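S.K.: I'd like to ask some things about the structure below.
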Amino acid sequence: MSLRKQAFSGIKWTTTASIVNSFVQLIQLAILTRLLEPTDFGLMALVMVVIGFSEMFIDMGLSNAIIYKQNINNEQLSSLYWLNIIIGIFFYIILIIISPYISILYDNQSLKALINLVAITFLIKPWGQQFMVLLQKNLKFNAISITDIISRLISFVVVIVLAFNNFGVYSLAIGSIIAAVFSTIGYNFYGRNLYKPKLYLKIGHLNQFLSFGLYQMGEKLISYFSTQFDTILIGKLLGVEILGLYNVAKNLVSKPSSIINPVVTKVAFPLMSKLSDNISQLKSVFLTTMRYLSFANFPVYFLIIILARPIIITLFGNDWIEVTPIVQILSLTYLLRSVGNPSGSLLLSRGKANVAFYWNLTLFVFYPISIFIGSYWGITGIAWGTLVLQVLLLYPNWKYIVYNTCNADFTEYFGVLSSPLIISSLSLIFPYLSLKYIDNNILALLLGGVGFIIVFILLIRILLPNTYKEINNIIFNTIKFGEKQRNI
């Protein structure tokens, strides 16, 4: 199968998985906001920060190293496999040891039990991690997508049943364990067709991967910590209940990019890695990735910004209306983050994990400062602080990452953003009118959203006929390729 067909297949499957999983998560969030208290969401947010931070050490940056290195033998893979499992056990023990101190820091004893419970995932995930990476490297996105969808649906059912039976925040913790179990089973089921690990571990086989992986791990750790610093500070300075409100808004706003971006970047990274020696082709793939991500993200986030109030009332109820301004501000922040998202894949495709590390080390300094200053004005101030910083990062991201890696100049880079920005802005007429003249929230949301989509598509067809044809061809070829796959 050609790279082009593999890319279409990957886009189809990752699109399906992202839409299904994010839709399930959104439904779960909508249900749980009516069953749980803001404090429960705040507690789980803190738990997931600790778990997510620790998970970076389990991977050691080796996943992307496996994708980047084109020739790897079974002995090397087996050594990496058992190393991940050993690290997982080690960090499970570490989390058990530090959980009492975290609960003391936030003056909440429930944190200890929750961290100890969710830490069980560290004993589960490493058994499937490498298989997932190998499936991604070989562009077997159908296997990854099927596994992700099944594990997410099973976890969703468990969480909702437990929440209805008054398990409270523990329903979320147990749900994360269930998801880890079934995803690990799925990755093993599909991944063992590609490779079966041997009982073999030799440190000498790890050196070339660790040199790449340690930079990756450092970059991911710093990036994760800086982007989660809002959760850490709000929980400490403003309290767990306020954190719960903020986290619900953040979860809602993160959904579009969690649907859209993986569809393209999961396919783009291995594709760019295969083209890394051809700078002109690499630049073309990168700018194309940027372009399509912008046409997908801009309209969605513009809609959320203008229709934030009816969206929140419809999904969560009137009790959560106070998070409306937070949702609007964070929508702009996540929109800008989605623009810079492909830069990470670009760097890794050229083996520049060290550049990504130093870039995120710089951000590590500025993110906490912007959040800390913003915290003097509450959660709204924190939201504004992250947005201002994100705006200031646009130019340096182009100059020091994109231009130095693939030679895309200023007009090429920012030019791909201009069309979706203008067309999305012009399409806001229907949502604006629906809010102004329709009192029913659901009707305003429905008419405003449908009107926006119709105007957006018409404007692309009239103003950018070539782009309209390109998008149509991608959709047509993806569907056509999917039909051929089903007939084989």
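Just so we're on the same page: first chain in the structure tokens is A, next is B, and so on; residues restart at 1 for each chain, and ligands are numbered from 1 in the order they show up.
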Could you give me, as a list in words, the residues within 10 Å of Ile401 (chain A), counting only C-alpha atoms and dropping anything in the same chain fewer than 2 positions from it?
M.R.: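 That gives Gly340, Ser343, Gly344, Leu346, Leu347, Lys352, Val355, Ala356, Trp359, Tyr395, Pro396, Asn397, Trp398, Lys399, Tyr403, Asn404, Thr405, Cys406, Asn407 and Ala408 of chain A.
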S.K.: Can I get the selected residues back with N, CA and C atoms, as a tab-separated table (two decimals), in the first residue's frame?
M.R.:
chain	number	residue	atom	x	y	z
A	340	GLY	N	0.00	25.87	16.77
A	340	GLY	CA	1.40	25.51	17.00
A	340	GLY	C	1.63	24.02	17.17
A	343	SER	N	4.13	21.78	15.06
A	343	SER	CA	5.56	22.11	15.15
A	343	SER	C	6.33	21.02	15.89
A	344	GLY	N	5.68	20.42	16.89
A	344	GLY	CA	6.33	19.34	17.64
A	344	GLY	C	6.62	18.14	16.76
A	346	LEU	N	7.01	18.23	13.56
A	346	LEU	CA	8.03	18.66	12.60
A	346	LEU	C	9.43	18.48	13.20
A	347	LEU	N	9.61	18.92	14.43
A	347	LEU	CA	10.92	18.79	15.08
A	347	LEU	C	11.32	17.33	15.23
A	352	LYS	N	15.06	16.35	16.07
A	352	LYS	CA	15.48	17.49	16.89
A	352	LYS	C	14.74	17.52	18.23
A	355	VAL	N	15.88	20.37	20.50
A	355	VAL	CA	15.31	21.70	20.27
A	355	VAL	C	13.96	21.82	20.96
A	356	ALA	N	13.14	20.76	20.83
A	356	ALA	CA	11.84	20.74	21.51
A	356	ALA	C	12.00	20.86	23.02
A	359	TRP	N	12.99	24.51	23.87
A	359	TRP	CA	11.83	25.38	23.65
A	359	TRP	C	10.86	25.29	24.83
A	395	TYR	N	5.05	34.33	17.16
A	395	TYR	CA	6.21	34.67	16.33
A	395	TYR	C	7.44	33.83	16.67
A	396	PRO	N	7.82	33.70	17.95
A	396	PRO	CA	8.98	32.85	18.27
A	396	PRO	C	8.82	31.41	17.81
A	397	ASN	N	7.60	30.88	17.86
A	397	ASN	CA	7.36	29.50	17.42
A	397	ASN	C	7.70	29.34	15.94
A	398	TRP	N	7.30	30.35	15.15
A	398	TRP	CA	7.66	30.30	13.72
A	398	TRP	C	9.16	30.47	13.53
A	399	LYS	N	9.72	31.49	14.17
A	399	LYS	CA	11.12	31.87	13.91
A	399	LYS	C	12.11	30.78	14.33
A	403	TYR	N	10.85	27.83	10.95
A	403	TYR	CA	11.78	28.34	9.93
A	403	TYR	C	13.12	27.61	9.97
A	404	ASN	N	13.62	27.36	11.16
A	404	ASN	CA	14.92	26.69	11.30
A	404	ASN	C	14.87	25.20	10.97
A	405	THR	N	13.68	24.64	10.88
A	405	THR	CA	13.56	23.20	10.64
A	405	THR	C	13.19	22.87	9.21
A	406	CYS	N	12.27	23.66	8.61
A	406	CYS	CA	11.85	23.33	7.23
A	406	CYS	C	11.89	24.53	6.29
A	407	ASN	N	12.43	25.66	6.75
A	407	ASN	CA	12.61	26.86	5.90
A	407	ASN	C	11.32	27.50	5.43
A	408	ALA	N	10.21	27.27	6.13
A	408	ALA	CA	8.97	27.96	5.78
A	408	ALA	C	9.07	29.41	6.24
S.K.: Excluding Gly451 (chain A) and any residue of its chain fewer than 4 positions from it, enumerate the residues within 7 Å of it, using only C-alpha atoms, and give them as a list in words.
M.R.: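 What passes the distance filter is Phe430, Leu447 and Val455 of chain A.
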S.K.: Please report, as a Markdown table, each residue of region 68-158 of chain A lying at most 10 Å from region 237-253 of chain A, together with the nearest pair of atoms and the separation in Å rounded to one decimal; use only C-alpha atoms, and order rows by chain and ascending residue number.
M.R.:
| residue | atom | partner | partner_atom | distance |
| --- | --- | --- | --- | --- |
| A:Tyr106 | CA | A:Val240 | CA | 8.3 |
| A:Asp107 | CA | A:Gly239 | CA | 9.7 |
| A:Asn108 | CA | A:Val240 | CA | 9.0 |
S.K.: To one decimal in Å, tell me the separation between CA of Ser18 (chain A) and CA of Ile149 (chain A).
M.R.: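 One can read the CA of Ser18 (chain A) to CA of Ile149 (chain A) distance as 8.5 Å.
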S.K.: Restricting the calculation to only C-alpha atoms, which member of A:Val416, A:Leu43, A:Leu80, A:Ile313 is positioned closest to Leu111 (chain A)?
M.R.: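 Once distances to Leu111 (chain A) are computed over only C-alpha atoms, the minimum belongs to A:Leu43.
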S.K.: Within 10 Å of region 228-230 of chain A, counting only C-alpha atoms, which residues show up once you throw out same-chain ones fewer than 3 positions away? Write them as a ChimeraX atom specification, please.
M.R.: /A:45-46,48-50,52-53,222-225,233-236,243,246-247,364,367-372,374-375,379,382-383,385-386
S.K.: If we count only C-alpha atoms, what is near Leu387 (chain A) at a cut-off of 12 Å, once residues fewer than 5 positions away on the same chain are taken out, given as a VMD selection string?
M.R.: chain A and resid 227 326 to 337 367 370 to 371 374 380 to 382 392 to 394
S.K.: Since we have the selection now, will you write its residues out, keeping C-alpha atoms, as a PDB file, in the first residue's frame?
M.R.:
ATOM      1  CA  THR A 227       0.414  23.601  30.606  1.00  0.00           C
ATOM      2  CA  ILE A 326     -13.715  31.056  31.167  1.00  0.00           C
ATOM      3  CA  VAL A 327     -14.890  28.920  28.246  1.00  0.00           C
ATOM      4  CA  GLN A 328     -14.690  31.879  25.866  1.00  0.00           C
ATOM      5  CA  ILE A 329     -11.173  32.915  26.898  1.00  0.00           C
ATOM      6  CA  LEU A 330      -9.831  29.363  26.955  1.00  0.00           C
ATOM      7  CA  SER A 331     -11.307  28.775  23.484  1.00  0.00           C
ATOM      8  CA  LEU A 332      -8.962  31.411  22.069  1.00  0.00           C
ATOM      9  CA  THR A 333      -6.034  29.892  23.966  1.00  0.00           C
ATOM     10  CA  TYR A 334      -6.700  26.392  22.649  1.00  0.00           C
ATOM     11  CA  LEU A 335      -7.229  27.749  19.152  1.00  0.00           C
ATOM     12  CA  LEU A 336      -3.733  29.243  19.193  1.00  0.00           C
ATOM     13  CA  ARG A 337      -2.269  26.079  20.702  1.00  0.00           C
ATOM     14  CA  TYR A 367       3.790  29.829  31.815  1.00  0.00           C
ATOM     15  CA  SER A 370       1.641  34.386  33.529  1.00  0.00           C
ATOM     16  CA  ILE A 371      -0.633  32.070  35.547  1.00  0.00           C
ATOM     17  CA  GLY A 374      -3.358  36.144  36.550  1.00  0.00           C
ATOM     18  CA  THR A 380     -10.722  34.605  34.886  1.00  0.00           C
ATOM     19  CA  GLY A 381      -7.332  36.242  35.386  1.00  0.00           C
ATOM     20  CA  ILE A 382      -5.571  32.904  34.987  1.00  0.00           C
ATOM     21  CA  LEU A 392       3.192  36.293  22.402  1.00  0.00           C
ATOM     22  CA  LEU A 393       4.509  32.836  21.462  1.00  0.00           C
ATOM     23  CA  LEU A 394       3.236  32.888  17.865  1.00  0.00           C
TER      24      LEU A 394
END
S.K.: Given only C-alpha atoms as the basis, pick out the residue of A:Asn354, A:Gln281, A:Ser424, A:Ser257 nearest to Pro299 (chain A).
M.R.: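 Closest to Pro299 (chain A) of all the choices is A:Ser424.
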S.K.: Using CA of Gly317 (chain A) and CA of Ile429 (chain A) as the two end points, give the distance in Å to one decimal.
M.R.: 25.9 Å
S.K.: Counting only C-alpha atoms, what are the residues of region 51-150 of chain A within 9 Å of region 160-173 of chain A, and for each of them which pair of atoms is the nearest and at what distance in Å, to one decimal? Sort the table by chain and rising number, as JSON lines.
M.R.:
{"residue": "A:Leu114", "atom": "CA", "partner": "A:Ala173", "partner_atom": "CA", "distance": 6.7}
{"residue": "A:Ile115", "atom": "CA", "partner": "A:Ala173", "partner_atom": "CA", "distance": 8.5}
{"residue": "A:Leu117", "atom": "CA", "partner": "A:Ala173", "partner_atom": "CA", "distance": 6.8}
{"residue": "A:Val118", "atom": "CA", "partner": "A:Ala173", "partner_atom": "CA", "distance": 5.6}
S.K.: Output N, CA and C atoms of each residue in that selection to a file, as a CSV table (one decimal), in the first residue's frame.
M.R.:
chain,number,residue,atom,x,y,z
A,114,LEU,N,-7.3,8.4,46.2
A,114,LEU,CA,-7.6,8.6,44.7
A,114,LEU,C,-6.3,8.3,44.0
A,115,ILE,N,-5.2,8.9,44.4
A,115,ILE,CA,-3.9,8.7,43.7
A,115,ILE,C,-3.5,7.3,43.8
A,117,LEU,N,-5.3,4.7,44.0
A,117,LEU,CA,-6.2,3.9,43.2
A,117,LEU,C,-5.8,4.0,41.7
A,118,VAL,N,-5.7,5.3,41.2
A,118,VAL,CA,-5.4,5.5,39.8
A,118,VAL,C,-4.0,5.1,39.5
S.K.: Give me, as number ranges by chain, all polymer residues having an atom no more than 10 Å from Pro420 (chain A), counting only C-alpha atoms and skipping those fewer than 2 positions away in the same chain.
M.R.: A: 291-299, 415-418, 422-426, 456, 460
S.K.: To one decimal in Å, tell me the separation between CA of Ile259 (chain A) and CA of Ser22 (chain A).
M.R.: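 Separation of CA of Ile259 (chain A) and CA of Ser22 (chain A): 6.2 Å.
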S.K.: Applying 10 Å and only C-alpha atoms, which residues near Leu199 (chain A) remain after dropping the ones on its own chain fewer than 5 positions away? List them as a PyMOL selection string.
M.R.: chain A and resi 75+78-79+81-82
